[in-house]
Amino acid sequence: MNAPTTPQTGIVNPPAAFASQAAIGSMDAYRALCERAESDYAGFWGDLAREHLVWKQPFTKTFDDSNKPFFKWFEDGLINVSHNCLDVQIERGLGNKAALIFEADDGAVTEVTYSQLLDKVARLANVLKAKGVQKGDRVIIYMPMSVEGVVAMQACARIGATHSVVFGGFSAQSLRERIQDTGAVMVITADEQRRGGKSLPLKAIADEALAKDCPSVRTMLVYKRTASDQVAYQAGRDLDMLAEMAQQSAVCEPEWVSAEHPLFLLYTSGSTGKPKGVQHSTGGYLLQAKLSMLWTFDLKPSDVFWCTADIGWVTGHSYITYGPLACGATEIVFEGIPTYPNAGRFWDMIQRHKATIFYTAPTAIRSLIKAAEADEKIHPRSFDLSSLRLLGSVGEPINPAAWTWYHENVGGGRCPIVDTFWQTESGAHLITPLPGATPLVPGSCTLPFPGIMAAVVDETGKDVPWGQGGILVVKKPWPSLMRTVWGDPERFKKSYFPEDFKGEFYLAGDGAVRDPDTGYFTITGRMDDVLNVSGHRMGTMEIESALVSCTELVAEAAVVGRPDDTTGEAICAFVVLKRPRPTGDEARQIANELRNWVAKEIGPIAKPKDIRFGDNLPKTRSGKIMRRLLRSIARGEAVTQDTSTLENPAILDQLTERV
Ligand code: WTA
């Protein structure tokens with residue numbers, strides 16, 4: 001392979017053939033964009049918003065920072081996201097182009113053109129209106145990966161309803177909390193989801209959620225995915241989504257909304273309290289979802305784009321439902337899991353659908369490496385992956401070994417890898433290579449997206465020298481930045497624009513260090529109590545609250561993360577029971593019970609990998625849990641911290657013991 005690698009430095013330059021056709025084909029072109037943004041920030045974004053979005057009524061003012069940190073972009077512009085994603089593409093002549101290539105868990109493939117997608121979206125939008133959903137109302141979407149999931153989101157956008165997608169792996173309790181917090185008037189769900197050859201309930205969980213204290217919900221639309229006869233329908237509340245759509249007109253005039261209108265809420269974990277509803281705008285959000293498709297993914301009309309994320313996460317919002325469609329792209333939507341029917345599924349799908357851009361998470365890569373190395377038949381080299389021209393990574397740091405394997409075995413040494421750093425809150429990529437311009441270094445997300453004023457600072461907000469670790473901030477608000485925490489503006493202010501930086505800088509929550517020579521960013525991990533397990537974000541406090549809510553068993557619990565080869569981080573819980581400390585089989589059995597309890601409270605993704613029992617937790621004499629010490633124990637490191645203030649040093653031995 002003609003891999004353009006310089007082994008001495010580990011730098012991988014953009015292949016000349018890629019650079020020559022790229023939207024941004026050199027570092028000079030990249031720097032020119034950054035300089036324009038530096039010298040005329042509002043002008044830079046304003047021009048892009050006029051160039052890339054279609055407005056019903058143009059905006060007259062680009063940026064309003066009169067009420068910091070509640071920034072506004074393009075506010076008096078009128079726009080509709082679904083119009084930009086569908087009608088505009090059809091007007092451009094793409095009506096018969098495949099918008100979605102949907103592959104079901106069992107391998108069945110359905111193609112949906114732009115015209116067909118608009119037909120579905122308009123019909124569902126008309127169903128929503130007929131059921132009384134109005135502009136500004138919240139709609140909860142609890143759906144599997146499906147055409148209908150994308151349609152549900154776009155239909156909300158079409159009528160100006162604000163959707164909140166809840167990942168299909170969340171429990172009834174988590175779903176209920178989101179329904180209550182949003183005050184949703186409708187839930188859109190499916191009877192069941194298909195994953196790995198199994199049917200898993202969705203409607204039954206939604207029923208359980210709605211059974212208690214959700215008076216705002218009037219209607220539940222049910223997409224019959226499996227048409228299971230096990231699923232009960234409540235008369236007057238539950239409706240068959242497809243049957244309702246069939247009765248509606250396929251024409252629905254978009255609701256023109258202000259660019260600041262809330263397109264969606266998406267709940268994510270912070271270091272304290274319950275998950276917060278990250279509120280995104282319409283115009284600024286769509287601009288950057290689209291722009292990152294064009295610049296980070298260098299999207300061309302001929303591309304077949306595949307983002308493997310779930311629509312329940314922000315990556316599925318920006319890089320499945322909105323960004324690709326706003327560009328008129330053809331994209332793959334996959335219902336299943338990477339290991340079914342075997343761990344060659346991704347490579348097989350890339351080969352069959354001739355995917356050109358593939359965007360996935362390091363966890364997936366790491367688990368597929370293990371499987372591939374054990375079985376030649378499912379190794380990427382057993383497939384024809386020559387259609388690929390670009391690879392992407394998202395959600396967590398990608399370690400250089402996984403990067404190199406991905407580059408060589410999936411990308412054939414010829415495809416650049418964009419390691420995209422961003423967050424639910426940022427709406428779109430913050431720090432990422434541009435594949436035709438940026439020389440790549442495995443393990444580094446390289447440089448800020450043009451217009452993103454990222455920096456590494458100390459506690460006082462002063463830039464730290466390159467080479468020195470610090471706090472990652474963004475010094476100016478950008479169009480796709482979240483607008484607020486739903487229902488809790490104070491929390492937005494405190495969490496993201498803290499007084500430490502005079503309320504001026506956006507605090508990402510991650511640590512970072514810049515390379516002393518190149519200034520490239522490497523993310524060093526969260527600086528708060530947020531864990532990242534398989535790219536899923538969770539707060540340690542949420543898991544602790546779930547554990548102690550098992551009041552019959554648990555007296556106290558502390559949760560920390562520890563590094564894990566496959567999932568990046570693993571959840572480790574230290575638990576004090578209301579009964580004597582168990583050992584052996586009893587300990588294993590209770591640990592399992594608690595894992596299932598957490599799965600029921602939050603969802604299976606929050607199950608602690610490691611549960612340990614102690615007669616107490618290590619606390620200082622003032623009663624504070626010594627988390628740093630627990631982190632050392634979880635990692636299997638020798639405890640070097642000063643334990644002289646510990647109330648009861650003997651419990652360290654107990655907590656070191658694995659169940
Ligand atoms: C982490 C996912 C290193 C980071 C889009 C961030 C990353 C959190 C990367 C956001 C990356 C995401 N390199 N770390 N390329 N991408 N992260 O909200 O800690 O689910 O703060 O958004 O994931 O997770 P979220």
# chains A, B, ... in the order shown; residues from 1 in each chain; ligands from 1
$ select_by_dssp --residues "range 407-616 of chain A" --states "strand (DSSP E or B)" --output "PyMOL selection string"
chain A and resi 417-421+431+440+446+448+454-457+463+470-474+484-485+506-514+521-526+530-533+536-539+554-564+568-577+610-613
$ residues_near_ligand --ligand "ligand 1" --cutoff "7 Å" --atoms "only C-alpha atoms and all ligand atoms" --output "JSON, numbers by chain"
{"A": [268, 313, 314, 315, 393, 394, 395, 396, 397, 398, 419, 420, 421, 422, 423, 424, 425, 445, 508, 509, 510, 523, 525, 526, 532, 535, 536, 537]}
$ closest_residue --among "A:Tyr506, A:Cys34, A:Gln248, A:Leu617" --to "Leu447 in chain A" --atoms "only C-alpha atoms"
A:Cys34
$ select_by_dssp --residues "range 427-580 of chain A" --states "helix (DSSP H, G or I)" --output "list in words"
Pro489, Glu490, Arg491, Phe492, Lys493, Lys494, Ser495, Tyr496, Glu499, Asp500, Phe501, Thr540, Met541, Glu542, Ile543, Glu544, Ser545, Ala546, Leu547 and Val548 of chain A
$ atom_distance --atom1 "CA of Thr182 in chain A" --atom2 "CA of Arg138 in chain A"
6.4 Å
$ closest_residue --among "A:Val659, A:Leu507, A:Ile452, A:Val473" --to "Lys609 in chain A" --atoms "only C-alpha atoms"
A:Val659
$ closest_residue --among "A:Thr438, A:Ser281, A:Phe170, A:Ile332" --to "Ala606 in chain A" --atoms "only C-alpha atoms"
A:Phe170
$ closest_atom_pairs --of "range 367-450 of chain A" --to "range 553-565 of chain A" --cutoff "12 Å" --atoms "only C-alpha atoms" --output "Markdown table"
| residue | atom | partner | partner_atom | distance |
| --- | --- | --- | --- | --- |
| A:Ser367 | CA | A:Asp565 | CA | 9.0 |
| A:Ile369 | CA | A:Asp565 | CA | 11.4 |
| A:Lys370 | CA | A:Asp565 | CA | 10.5 |
| A:Pro397 | CA | A:Pro563 | CA | 11.8 |
| A:Ile398 | CA | A:Asp565 | CA | 11.2 |
| A:Asn399 | CA | A:Asp565 | CA | 9.8 |
| A:Ala401 | CA | A:Asp565 | CA | 11.2 |
| A:Ala402 | CA | A:Asp565 | CA | 10.4 |
$ closest_residue --among "A:Pro144, A:Gly568, A:Pro254, A:Gly25" --to "Ala122 in chain A" --atoms "only C-alpha atoms"
A:Pro254
$ residues_around --residues "Glu490 in chain A" --least-positions-apart "6" --cutoff "12 Å" --atoms "only C-alpha atoms" --output "PyMOL selection string"
chain A and resi 68-70+276+484+496-498
$ write_last_selection --atoms "C-alpha atoms" --output "PDB file, in the first residue's frame"
ATOM      1  CA  LYS A  68     -24.669  36.839  27.548  1.00  0.00           C
ATOM      2  CA  PRO A  69     -24.377  33.852  27.603  1.00  0.00           C
ATOM      3  CA  PHE A  70     -27.750  33.505  25.874  1.00  0.00           C
ATOM      4  CA  LYS A 276     -29.917  18.109  31.430  1.00  0.00           C
ATOM      5  CA  THR A 484     -29.706  26.838  27.164  1.00  0.00           C
ATOM      6  CA  TYR A 496     -20.851  26.282  30.629  1.00  0.00           C
ATOM      7  CA  PHE A 497     -19.976  29.952  31.138  1.00  0.00           C
ATOM      8  CA  PRO A 498     -18.668  29.917  34.701  1.00  0.00           C
TER       9      PRO A 498
END
